[in-house]
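Trainee: First, the structure itself, so that you have it in front of you.
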Amino acid sequence: MKERFLVPHLKRYGFRFGLFKRPTRLRYPLQHSATLPKSPDVVVSWSRRICGLGGGSVVIGALLLTLAACAERATLPVAAGTGPHPILPAPRREIIPTVNIAPAKGWPAGVTPVPGSGMRVTAFASGLDHPRWLYVLPNGDVLIAETNGPQRPGNAKGVKGWIMGLVMKRAGASAPSANRITLLRDTTGNGVADLQTIFLEGLHSPLGISLVGDQLYIANTDAVLRFPYAAGDTQITTPGQTVVALPAGAINHHWTKNLIASLDSKKLYVTVGSNSNVGESGMVVEAERAAIWEVNPQTGAHRIFASGLRNPNGLAWEPSSGVLWTVVNERDELGSDLVPDYLTSVRDGAFYGWPYSYYGQHIDERVTPRRPDLVATAIVPDYALGPHTASLGLAWSAGTTLPASFATGMFIGQHGSWNRRPRSGYEVIFVPFKDGQPSGLPVVVLTGFVSSDGYAFGRPVGVALDKRGALLVADDVGNVIWRVTPRLLD
């Protein structure tokens, strides 16, 4: 069913049941207009009204059922879509995605996330501005990317764009970006940052941070920049040098760009997410996206190291094998049970399916023209992390002071779903490794980010180990950096 058919019915039944007001007109690309609600709470109230109505409201009811998820829901638990062999049920194609966001609320006084067995959690720093990513310098200073999406006029067109704008606002992701890196330092060793300075400012939706020698690399949404750094610096005022431009533009659907240095420090690896869900804007705008780049930091020359990765974010090295790993956010609008996000090793020259197939060679029927030649080469990821968990942060656990069971594996920050019923993610997990590969079920490290009545106190994103072996977690809704330590130590 197309927008051209749905929108007139949305108008008609919206007027009929008092969902819209008539005086103001909001113009759509398809030349249909109506006054649409400004609050997602109104959308939910619509769905409650419409779900109880009979035959005359079938069209609008179907649309709002899908929109607010009063019908579509998972038939499998998250665990079924987790591990090396996830269950992949038949897709349920959605006209408009299921919407089941946990509205951003922030942490009430005295409330914290809930740590796993044998651990405790405290606030390392609070009162930040959308802290999404972090990086620990050799001297123990912690750099925080206070960041949000840039202006993207091409990413919010039509009915779906309007819906997504409401979703992002409700999730706490629509505020202007602070565009800075903040330095946190614990000068007393008590596990709380007592020095906080603006380390770098005037950036452009920054995310990834990596220090190579005396050069600090920052991944803006549109370029990798290089800055001079000396141990102990609390601020950098020298303008950055552009190493390489990155795909951005008016759509810039997945705006976050992460980076990591190679083990020999000679290369940078940079994540570049797709410009759409499944190529619906055409493949021209996807040039060099949905990929991990290999970049020469001296010359800026780059090549595609791996492709078909819809939205790779976290990067980490598995030290025994020297293999690069990443976490990837997979596609939407195939129902609450599909498609699992995943953790995978990254092979040089490999293709991982997007947009033509998912989880190996499962063809996505929505994508045309098809590319059977590419699908035939698509690699199955190593380890599924559950559908719609929004797995973003990634850190290898070597050096942790957490219990011995966390000595070898990956910590993963799961930002949480907006389009699954019931919700998934909203926690930090640990995936144990053995002989360089995931081995066993994930272990919950931090949970309790969502209240009993469905509001988000916080949303975990970036993860890193501090110099003393504690796990740091960036929480971009609670505006806190959490610190996880053993219960009886520290």
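The chains in the structure tokens are called A, B, ... from first to last as shown; in each chain the residues are counted from 1, and the ligands are counted from 1 in the order shown.
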Quick one: pick out all strand (DSSP E or B) residues within region 391-467 of chain A from a backbone DSSP run and write them as number ranges by chain.
Mentor: A: 391-396, 409-414, 427-434, 437-438, 443-447, 450, 456, 460-465
Trainee: Please produce a file of those selected residues containing C-alpha atoms, as an mmCIF file, in the first residue's frame.
Mentor:
```
data_model
loop_
_atom_site.group_PDB
_atom_site.id
_atom_site.type_symbol
_atom_site.label_atom_id
_atom_site.label_comp_id
_atom_site.auth_asym_id
_atom_site.auth_seq_id
_atom_site.Cartn_x
_atom_site.Cartn_y
_atom_site.Cartn_z
ATOM 1 C CA SER A 391 24.073 -2.686 19.502
ATOM 2 C CA LEU A 392 26.539 0.201 19.167
ATOM 3 C CA GLY A 393 29.361 0.202 21.705
ATOM 4 C CA LEU A 394 32.121 -2.423 21.602
ATOM 5 C CA ALA A 395 35.182 -3.002 23.771
ATOM 6 C CA TRP A 396 37.541 -5.958 24.260
ATOM 7 C CA GLY A 409 35.330 -11.336 25.472
ATOM 8 C CA MET A 410 33.502 -8.244 24.266
ATOM 9 C CA PHE A 411 31.452 -5.679 26.166
ATOM 10 C CA ILE A 412 28.583 -4.324 24.038
ATOM 11 C CA GLY A 413 26.410 -1.246 24.615
ATOM 12 C CA GLN A 414 22.868 -1.860 23.356
ATOM 13 C CA GLU A 427 21.385 -2.827 28.458
ATOM 14 C CA VAL A 428 25.088 -3.563 28.424
ATOM 15 C CA ILE A 429 26.022 -7.171 27.740
ATOM 16 C CA PHE A 430 29.178 -9.266 27.615
ATOM 17 C CA VAL A 431 29.838 -11.919 24.969
ATOM 18 C CA PRO A 432 32.473 -14.433 26.142
ATOM 19 C CA PHE A 433 35.172 -15.561 23.702
ATOM 20 C CA LYS A 434 37.228 -18.729 23.424
ATOM 21 C CA GLN A 437 35.526 -16.659 18.689
ATOM 22 C CA PRO A 438 32.302 -15.968 20.620
ATOM 23 C CA VAL A 443 25.808 -12.058 30.082
ATOM 24 C CA VAL A 444 23.982 -8.936 31.268
ATOM 25 C CA VAL A 445 26.364 -6.390 32.797
ATOM 26 C CA LEU A 446 23.987 -3.439 33.239
ATOM 27 C CA THR A 447 20.228 -3.262 32.931
ATOM 28 C CA VAL A 450 13.833 1.481 31.334
ATOM 29 C CA ALA A 456 13.935 5.480 29.426
ATOM 30 C CA PRO A 460 23.775 2.945 26.979
ATOM 31 C CA VAL A 461 26.004 3.539 23.959
ATOM 32 C CA GLY A 462 29.815 3.633 23.979
ATOM 33 C CA VAL A 463 31.809 1.359 26.288
ATOM 34 C CA ALA A 464 35.492 1.349 27.284
ATOM 35 C CA LEU A 465 37.783 0.122 30.057
#
```
Trainee: Report as CSV the residues of region 215-299 of chain A within 12 Å of region 114-138 of chain A, each with its shortest atom pair and distance in Å (one decimal), using only C-alpha atoms, ordered by chain and increasing residue number.
Mentor:
```
residue,atom,partner,partner_atom,distance
A:Gln215,CA,A:Leu137,CA,11.9
A:Leu216,CA,A:Leu137,CA,10.1
A:Tyr217,CA,A:Tyr135,CA,11.2
A:Ile218,CA,A:Tyr135,CA,10.7
A:Ala219,CA,A:Trp133,CA,11.2
A:Tyr229,CA,A:Leu137,CA,10.6
A:Ala230,CA,A:Leu137,CA,10.7
A:Ala231,CA,A:Pro138,CA,8.1
A:Gly232,CA,A:Leu137,CA,9.3
A:Asp233,CA,A:Leu137,CA,10.6
A:Thr234,CA,A:Leu137,CA,11.5
A:Thr256,CA,A:Arg132,CA,10.0
A:Lys257,CA,A:Trp133,CA,10.8
A:Asn258,CA,A:Trp133,CA,9.2
A:Leu259,CA,A:Tyr135,CA,11.0
A:Ile260,CA,A:Tyr135,CA,10.5
```
Trainee: Give me, as a PyMOL selection string, all polymer residues having an atom no more than 12 Å from Glu146 (chain A), counting only C-alpha atoms and skipping those fewer than 3 positions away in the same chain.
Mentor: chain A and resi 127-134+143+149+175-183+198-209+220+461-462+474-477+479-481
Trainee: Grab the residues selected above and save them as a compact mmCIF listing (two decimals), in the first residue's frame with N, CA and C atoms.
Mentor:
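Saved the output as selection-v4.txt:
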```
# COMPACT_ATOMS: atom_id res chain seq x y z
N GLY A 127 25.69 15.26 34.21
CA GLY A 127 25.42 16.61 33.72
C GLY A 127 26.04 16.91 32.37
N LEU A 128 26.32 15.87 31.60
CA LEU A 128 26.90 16.05 30.27
C LEU A 128 25.80 16.32 29.25
N ASP A 129 26.19 16.58 28.01
CA ASP A 129 25.24 16.92 26.95
C ASP A 129 25.27 15.84 25.87
N HIS A 130 24.41 14.84 26.05
CA HIS A 130 24.28 13.74 25.10
C HIS A 130 25.63 13.05 24.86
N PRO A 131 26.24 12.50 25.91
CA PRO A 131 27.51 11.80 25.75
C PRO A 131 27.30 10.45 25.08
N ARG A 132 27.86 10.29 23.92
CA ARG A 132 27.56 9.09 23.12
C ARG A 132 28.75 8.13 23.01
N TRP A 133 29.95 8.65 23.06
CA TRP A 133 31.12 7.81 22.81
C TRP A 133 32.23 8.21 23.78
N LEU A 134 33.17 7.29 24.03
CA LEU A 134 34.27 7.62 24.93
C LEU A 134 35.54 6.90 24.52
N LEU A 143 38.12 10.82 27.28
CA LEU A 143 37.53 11.75 26.31
C LEU A 143 36.11 11.31 25.98
N GLY A 149 23.00 14.08 16.06
CA GLY A 149 22.95 14.13 14.61
C GLY A 149 23.00 15.54 14.07
N ALA A 175 17.86 16.91 19.88
CA ALA A 175 18.44 18.18 20.32
C ALA A 175 19.65 18.54 19.48
N PRO A 176 19.99 19.82 19.36
CA PRO A 176 21.20 20.21 18.62
C PRO A 176 22.44 19.57 19.22
N SER A 177 23.38 19.24 18.36
CA SER A 177 24.61 18.60 18.81
C SER A 177 25.53 19.59 19.52
N ALA A 178 26.12 19.16 20.64
CA ALA A 178 27.10 19.99 21.34
C ALA A 178 28.39 20.12 20.54
N ASN A 179 28.66 19.15 19.68
CA ASN A 179 29.80 19.20 18.75
C ASN A 179 31.15 19.41 19.45
N ARG A 180 31.33 18.66 20.53
CA ARG A 180 32.60 18.82 21.25
C ARG A 180 33.07 17.51 21.85
N ILE A 181 34.35 17.50 22.21
CA ILE A 181 34.95 16.43 22.99
C ILE A 181 35.28 17.01 24.36
N THR A 182 34.81 16.37 25.40
CA THR A 182 35.06 16.80 26.78
C THR A 182 36.03 15.85 27.45
N LEU A 183 36.97 16.41 28.21
CA LEU A 183 37.94 15.61 28.95
C LEU A 183 37.51 15.47 30.40
N ILE A 198 36.49 21.39 28.43
CA ILE A 198 36.19 21.26 27.01
C ILE A 198 37.51 21.04 26.30
N PHE A 199 37.70 19.87 25.76
CA PHE A 199 38.96 19.46 25.16
C PHE A 199 39.06 19.92 23.70
N LEU A 200 37.99 19.72 22.95
CA LEU A 200 37.90 20.15 21.55
C LEU A 200 36.48 20.63 21.31
N GLU A 201 36.33 21.74 20.60
CA GLU A 201 34.98 22.21 20.28
C GLU A 201 34.91 22.66 18.82
N GLY A 202 33.70 22.98 18.39
CA GLY A 202 33.52 23.42 17.00
C GLY A 202 33.61 22.27 16.02
N LEU A 203 33.33 21.05 16.47
CA LEU A 203 33.37 19.89 15.59
C LEU A 203 32.02 19.74 14.88
N HIS A 204 31.88 18.67 14.12
CA HIS A 204 30.66 18.47 13.35
C HIS A 204 30.14 17.05 13.60
N SER A 205 29.27 16.92 14.60
CA SER A 205 28.72 15.62 15.00
C SER A 205 29.82 14.56 15.10
N PRO A 206 30.77 14.77 16.02
CA PRO A 206 31.89 13.83 16.14
C PRO A 206 31.47 12.54 16.85
N LEU A 207 32.23 11.48 16.61
CA LEU A 207 31.99 10.24 17.33
C LEU A 207 33.33 9.55 17.64
N GLY A 208 33.93 8.90 16.65
CA GLY A 208 35.12 8.10 16.90
C GLY A 208 36.33 8.92 17.31
N ILE A 209 37.14 8.34 18.21
CA ILE A 209 38.34 9.00 18.72
C ILE A 209 39.45 7.95 18.78
N ASN A 220 34.51 13.11 12.55
CA ASN A 220 33.29 13.89 12.39
C ASN A 220 32.34 13.13 11.49
N VAL A 461 25.45 3.50 25.32
CA VAL A 461 26.00 3.54 23.96
C VAL A 461 27.46 3.06 24.02
N GLY A 462 28.41 4.00 24.01
CA GLY A 462 29.82 3.63 23.98
C GLY A 462 30.27 2.97 25.27
N ALA A 474 28.87 5.12 28.37
CA ALA A 474 28.27 6.40 28.02
C ALA A 474 26.76 6.24 27.92
N ASP A 475 26.03 7.10 28.58
CA ASP A 475 24.56 7.08 28.62
C ASP A 475 24.07 8.41 28.06
N ASP A 476 23.58 8.38 26.82
CA ASP A 476 23.28 9.65 26.14
C ASP A 476 21.88 10.19 26.41
N VAL A 477 21.06 9.48 27.15
CA VAL A 477 19.78 10.01 27.61
C VAL A 477 19.90 10.47 29.06
N ASN A 479 22.66 11.34 30.35
CA ASN A 479 23.76 12.32 30.37
C ASN A 479 24.79 12.01 31.45
N VAL A 480 25.06 10.71 31.60
CA VAL A 480 25.95 10.21 32.63
C VAL A 480 26.98 9.29 32.00
N ILE A 481 28.19 9.25 32.60
CA ILE A 481 29.14 8.18 32.32
C ILE A 481 29.12 7.27 33.55
```
Trainee: Figure out the distance between CA of Leu338 (chain A) and CA of Arg92 (chain A), please, to one decimal in Å.
Mentor: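 Rounded to one decimal, the two atoms are 8.4 Å apart.
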